[in-house]
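Asker: So I've got this file, model15.pdb, and it contains PDB, C-alpha atoms and all ligand atoms:
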ATOM      1  CA  MET A1271      94.837 118.859 106.930
ATOM      2  CA  PRO A1272      93.264 122.206 107.664
ATOM      3  CA  ARG A1273      91.706 121.112 110.963
ATOM      4  CA  LYS A1274      93.645 120.972 114.168
ATOM      5  CA  GLY A1275      93.597 117.651 115.947
ATOM      6  CA  VAL A1276      93.330 115.680 112.690
ATOM      7  CA  ASP A1277      96.393 113.649 111.830
ATOM      8  CA  LEU A1278      96.325 111.987 108.420
ATOM      9  CA  HIS A1279      98.366 108.877 107.704
ATOM     10  CA  TRP A1280      98.399 106.884 104.497
ATOM     11  CA  HIS A1281     100.276 104.074 102.831
ATOM     12  CA  ASP A1282     101.780 104.704  99.420
ATOM     13  CA  ALA A1283      99.590 103.040  96.769
ATOM     14  CA  GLU A1284     102.556 101.911  94.668
ATOM     15  CA  ILE A1285     104.135 100.160  97.631
ATOM     16  CA  SER A1286     100.760  98.608  98.533
ATOM     17  CA  PHE A1287     100.526  97.241  94.997
ATOM     18  CA  LEU A1288     103.962  95.663  95.247
ATOM     19  CA  GLU A1289     103.160  94.274  98.693
ATOM     20  CA  GLY A1290     100.023  92.744  97.173
ATOM     21  CA  VAL A1291     102.088  90.995  94.521
ATOM     22  CA  MET A1292     104.539  89.691  97.114
ATOM     23  CA  ALA A1293     101.813  88.559  99.496
ATOM     24  CA  ARG A1294      99.716  86.801  96.865
ATOM     25  CA  GLY A1295     102.338  85.641  94.406
ATOM     26  CA  GLY A1296     103.876  82.199  94.440
ATOM     27  CA  ARG A1297     107.229  80.881  93.359
ATOM     28  CA  GLU A1298     106.727  82.401  89.911
ATOM     29  CA  VAL A1299     107.395  85.821  91.428
ATOM     30  CA  ALA A1300     110.904  84.792  92.499
ATOM     31  CA  GLU A1301     112.376  85.446  89.055
ATOM     32  CA  ALA A1302     110.916  88.938  89.013
ATOM     33  CA  ILE A1303     112.298  89.669  92.477
ATOM     34  CA  GLU A1304     115.754  88.635  91.313
ATOM     35  CA  ALA A1305     115.397  90.696  88.137
ATOM     36  CA  ALA A1306     114.369  93.769  90.147
ATOM     37  CA  TRP A1307     117.276  93.211  92.526
ATOM     38  CA  ARG A1308     119.715  92.929  89.614
ATOM     39  CA  ALA A1309     118.263  96.192  88.281
ATOM     40  CA  GLY A1310     119.070  97.934  91.551
ATOM     41  CA  ALA A1311     116.046  97.331  93.784
ATOM     42  CA  VAL A1312     118.094  96.877  96.930
ATOM     43  CA  PHE A1313     116.922  99.476  99.419
ATOM     44  CA  ASP A1314     113.304  99.679  98.284
ATOM     45  CA  ALA A1315     112.000  99.530 101.838
ATOM     46  CA  TRP A1316     113.264 103.088 102.063
ATOM     47  CA  THR A1317     110.648 105.290 100.434
ATOM     48  CA  GLU A1318     113.217 107.570  98.831
ATOM     49  CA  GLN A1319     114.877 104.551  97.179
ATOM     50  CA  PHE A1320     111.688 102.874  95.945
ATOM     51  CA  ARG A1321     111.168 102.930  92.170
ATOM     52  CA  LEU A1322     108.029 101.154  90.999
ATOM     53  CA  GLN A1323     109.195 101.228  87.385
ATOM     54  CA  ARG A1324     112.112  98.949  88.240
ATOM     55  CA  TRP A1325     109.624  96.386  89.498
ATOM     56  CA  LEU A1326     107.245  96.817  86.551
ATOM     57  CA  ASP A1327     110.163  96.276  84.174
ATOM     58  CA  ALA A1328     111.169  93.155  86.101
ATOM     59  CA  PHE A1329     107.626  91.759  85.953
ATOM     60  CA  GLU A1330     107.434  92.415  82.234
ATOM     61  CA  ALA A1331     110.868  90.896  81.577
ATOM     62  CA  THR A1332     109.917  87.711  83.434
ATOM     63  CA  GLY A1333     106.405  87.445  82.011
ATOM     64  CA  ILE A1334     104.646  88.054  85.325
ATOM     65  CA  ASP A1335     101.178  89.607  85.259
ATOM     66  CA  ALA A1336     101.618  91.456  88.525
ATOM     67  CA  MET A1337      98.273  93.247  88.340
ATOM     68  CA  ALA A1338      96.430  89.943  88.026
ATOM     69  CA  ILE A1339      98.340  88.493  90.965
ATOM     70  CA  ALA A1340      97.646  91.495  93.169
ATOM     71  CA  THR A1341      94.004  92.053  92.326
ATOM     72  CA  ARG A1342      92.242  88.877  91.211
ATOM     73  CA  GLU A1343      89.492  87.497  93.397
ATOM     74  CA  ARG A1344      90.443  84.355  95.287
ATOM     75  CA  GLU A1345      88.239  81.635  96.649
ATOM     76  CA  THR A1346      88.799  80.896 100.316
ATOM     77  CA  SER A1347      89.303  77.249  99.331
ATOM     78  CA  GLU A1348      92.266  78.196  97.118
ATOM     79  CA  PRO A1349      95.610  77.393  98.759
ATOM     80  CA  LEU A1350      97.759  80.439  99.408
ATOM     81  CA  PRO A1351     101.334  80.361  98.077
ATOM     82  CA  TRP A1352     102.792  80.593 101.553
ATOM     83  CA  ALA A1353     100.351  78.166 103.209
ATOM     84  CA  HIS A1354     103.163  75.640 103.779
ATOM     85  CA  ILE A1355     104.758  78.125 106.206
ATOM     86  CA  SER A1356     102.944  78.062 109.522
ATOM     87  CA  ALA A1357     102.798  81.202 111.618
ATOM     88  CA  GLY A1358     100.574  79.352 114.039
ATOM     89  CA  VAL A1359      97.268  80.875 112.955
ATOM     90  CA  ALA A1360      94.667  78.290 111.944
ATOM     91  CA  PRO A1361      93.652  78.636 108.250
ATOM     92  CA  GLY A1362      89.987  78.395 109.229
ATOM     93  CA  TYR A1363      90.450  81.388 111.514
ATOM     94  CA  LEU A1364      91.802  83.454 108.626
ATOM     95  CA  VAL A1365      88.766  82.505 106.526
ATOM     96  CA  ARG A1366      86.431  83.528 109.336
ATOM     97  CA  GLU A1367      88.311  86.794 109.765
ATOM     98  CA  ARG A1368      87.978  87.495 106.049
ATOM     99  CA  GLN A1369      84.240  86.876 106.243
ATOM    100  CA  ARG A1370      83.956  89.097 109.289
ATOM    101  CA  ALA A1371      85.925  91.866 107.586
ATOM    102  CA  SER A1372      83.680  91.645 104.524
ATOM    103  CA  ALA A1373      80.676  91.983 106.806
ATOM    104  CA  GLY A1374      82.211  95.016 108.484
ATOM    105  CA  GLU A1375      82.675  93.182 111.762
ATOM    106  CA  THR A1376      85.718  93.633 113.935
ATOM    107  CA  THR A1377      87.366  91.063 116.173
ATOM    108  CA  PRO A1378      88.281  92.149 119.685
ATOM    109  CA  ASP A1379      91.916  92.192 120.747
ATOM    110  CA  CYS A1380      92.404  88.922 122.581
ATOM    111  CA  SER A1381      94.901  90.582 124.912
ATOM    112  CA  PHE A1382      91.997  92.275 126.615
ATOM    113  CA  SER A1383      88.801  90.505 125.553
ATOM    114  CA  GLY A1384      89.591  86.818 125.747
ATOM    115  CA  CYS A1385      90.630  84.252 123.209
ATOM    116  CA  THR A1386      89.013  84.491 119.800
ATOM    117  CA  GLY A1387      90.373  81.134 118.709
ATOM    118  CA  CYS A1388      93.216  81.773 116.253
ATOM    119  CA  ASP A1389      95.197  78.793 117.656
ATOM    120  CA  VAL A1390      98.541  80.602 117.887
ATOM    121  CA  CYS A1391      98.890  79.992 121.607
ATOM    122  CA  ASP A1392      98.372  76.257 121.233
ATOM    123  CA  ASP A1393     100.425  75.894 118.053
ATOM    124  CA  LEU A1394     103.400  77.859 119.356
ATOM    125  CA  ALA A1395     102.967  77.003 123.035
ATOM    126  CA  VAL A1396     102.852  80.614 124.144
ATOM    127  CA  GLN A1397     100.938  82.419 126.824
ATOM    128  CA  ILE A1398      99.864  86.027 126.507
ATOM    129  CA  VAL A1399     101.241  88.116 129.363
ATOM    130  CA  LEU A1400     100.707  91.855 129.454
ATOM    131  CA  ALA A1401     103.345  94.036 131.091
ATOM    132  CA  GLY A1402     102.323  94.596 134.665
ATOM    133  CA  ASP A1403      99.625  91.917 134.460
ATOM    134  CA  SER A1404      99.603  90.013 137.723
ATOM    135  CA  ARG A1405      97.603  87.179 136.109
ATOM    136  CA  GLY A1406     100.626  86.168 133.922
TER     137      GLY A1406
HETATM  138  S1  LIG B1501      94.602  84.099 123.035
HETATM  139 FE1  LIG B1501      96.131  83.124 121.724
HETATM  140  S2  LIG B1501      94.996  81.602 120.566
HETATM  141 FE2  LIG B1501      93.502  83.002 121.440
HETATM  142  S3  LIG B1501      93.146  84.513 119.861
HETATM  143 FE3  LIG B1501      94.748  85.313 121.179
HETATM  144  S4  LIG B1501      96.678  84.706 120.231
HETATM  145 FE4  LIG B1501      95.051  83.458 119.337
END
Let me see the file written as C-alpha cells.
Answerer:
Amino acid sequence: MPRKGVDLHWHDAEISFLEGVMARGGREVAEAIEAAWRAGAVFDAWTEQFRLQRWLDAFEATGIDAMAIATRERETSEPLPWAHISAGVAPGYLVRERQRASAGETTPDCSFSGCTGCDVCDDLAVQIVLAGDSRG
C-alpha cells in the first residue's frame, strides 16, 4: 500500500474456497478429506504447506463437486450438514443474521450493547463478564 496508515489484510482465496467446501459440505466430503490427507495434506493450515491441487485431485478422485458445494445458493429452510451439532446459537438467529447481512445491517456486539437474542447464554448457561467489569 502506497499510503501510510493503511494496513491491508486479506484471506487467501484458495483457502477460502476450501473452507467453503468444509463449512457447507456434508458427510460426502469425508472421503475427499481422507483422500487429501493420504496425498499429504497434513499441515495445510500452514500457508506454506497448503496445496490446493492436492484437494482438487482428492475431490475429483472421490466424485465430489466441490465448486457446487461451496457456491450454490441455499434456502434458509435447508438443513445445514452440521445442524445436529449445537454451538448454542439458535438457528432462527442465524437466519435473521443472514437476512441482516444481506440488507447491509450490522448487529451490535452484545458485550457492550445488550443481548441481541442468539440464545447462547441460555443454552450453555453462561454469563458474559468483561475483564474489569464490576457488574459481573
Ligand atoms: S448476551 Fe448471550 S444470548 Fe445474548 S446475544 Fe450475547 S451471547 Fe447471545
Asker: What do you get, as number ranges by chain, if you spell out every residue that the PyMOL selection byres (((chain A and resi 1305-1311) around 6) and not hetatm) selects here?
Answerer: A: 1302-1304, 1312, 1314, 1324-1325, 1328
Asker: Might you pull out every residue within 9 Å of segment 1365-1382 of chain A, with all atoms listed in the file counted and same-chain residues fewer than 6 positions away left off, and present them as a list in words?
Answerer: Thr1346, Ser1347, Ile1398, Val1399 and Leu1400 of chain A
Asker: May I ask for the distance between atom CA of Gln1397 of chain A and atom CA of Leu1364 of chain A, given in Å to one decimal place?
Answerer: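 Computed distance, atom CA of Gln1397 of chain A to atom CA of Leu1364 of chain A, equals 20.4 Å.
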Asker: Using all atoms listed in the file, find each protein or nucleic acid residue lying at most 6 Å from ligand LIG 1501 (chain B); present the set as number ranges by chain.
Answerer: A: 1380, 1385-1391
Asker: Which residues, written as a PyMOL selection string, have at least one atom at most 12 Å from Ala1338 of chain A, with all atoms listed in the file counted and residues fewer than 3 positions away on the same chain left out?
Answerer: chain A and resi 1287-1288+1290-1291+1294-1295+1329+1333-1335+1341-1344
Asker: Residues as selected, C-alpha atoms, written as an mmCIF file, in the coordinates of the input, can you do that?
Answerer:
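Okay, this is what ended up in result.cif:
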data_model
loop_
_atom_site.group_PDB
_atom_site.id
_atom_site.type_symbol
_atom_site.label_atom_id
_atom_site.label_comp_id
_atom_site.auth_asym_id
_atom_site.auth_seq_id
_atom_site.Cartn_x
_atom_site.Cartn_y
_atom_site.Cartn_z
ATOM 1 C CA PHE A 1287 100.526 97.241 94.997
ATOM 2 C CA LEU A 1288 103.962 95.663 95.247
ATOM 3 C CA GLY A 1290 100.023 92.744 97.173
ATOM 4 C CA VAL A 1291 102.088 90.995 94.521
ATOM 5 C CA ARG A 1294 99.716 86.801 96.865
ATOM 6 C CA GLY A 1295 102.338 85.641 94.406
ATOM 7 C CA PHE A 1329 107.626 91.759 85.953
ATOM 8 C CA GLY A 1333 106.405 87.445 82.011
ATOM 9 C CA ILE A 1334 104.646 88.054 85.325
ATOM 10 C CA ASP A 1335 101.178 89.607 85.259
ATOM 11 C CA THR A 1341 94.004 92.053 92.326
ATOM 12 C CA ARG A 1342 92.242 88.877 91.211
ATOM 13 C CA GLU A 1343 89.492 87.497 93.397
ATOM 14 C CA ARG A 1344 90.443 84.355 95.287
#
Asker: How many Å separate atom CA of Ile1285 of chain A from atom CA of Trp1316 of chain A?
Answerer: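 Separation between atom CA of Ile1285 of chain A and atom CA of Trp1316 of chain A: 10.6 Å.
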Asker: Check the smallest atom-to-atom distance from each of A:Leu1326, A:Ala1300, A:Ala1353, A:Ala1293 to Ile1339 of chain A using all atoms listed in the file, then report the winner.
Answerer: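 Of all the options, A:Ala1293 lies closest to Ile1339 of chain A.
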Asker: Work out how far atom CA of Ala1283 of chain A is from atom CA of Glu1330 of chain A, in Å to one decimal.
Answerer: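 Between these atoms lies a distance of 19.6 Å.
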Asker: Go through A:Val1276, A:Ala1395, A:Ala1331, A:Val1299 and flag the residue nearest Pro1351 of chain A, using only C-alpha atoms for the distances.
Answerer: A:Val1299
Asker: Pick from A:Ala1401, A:Met1292, A:Leu1394, A:Leu1278: nearest to Ala1340 of chain A, with only C-alpha atoms counted?
Answerer: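 For Ala1340 of chain A, the nearest of the candidates is A:Met1292.
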Asker: Edge lengths and centre in Å to one decimal, as lines of an AutoDock Vina configuration file, of the axis-aligned box that encloses all listed atoms of segment 1312-1315 of chain A with 5 Å added on every side?
Answerer:
center_x = 115.0
center_y = 98.3
center_z = 99.4
size_x = 16.1
size_y = 12.8
size_z = 14.9
Asker: Nearest to Ala1336 of chain A among A:Arg1321, A:Gly1362, A:Phe1313, A:Glu1289, with distances taken over all atoms listed in the file: which residue is it?
Answerer: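 Of the candidates, the smallest distance to Ala1336 of chain A is held by A:Glu1289.
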Asker: Go through A:Trp1352, A:Val1359, A:Thr1317, A:Arg1273 and flag the residue nearest Asp1393 of chain A, using all atoms listed in the file for the distances.
Answerer: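 Looking only at the distances to Asp1393 of chain A, the closest residue turns out to be A:Val1359.
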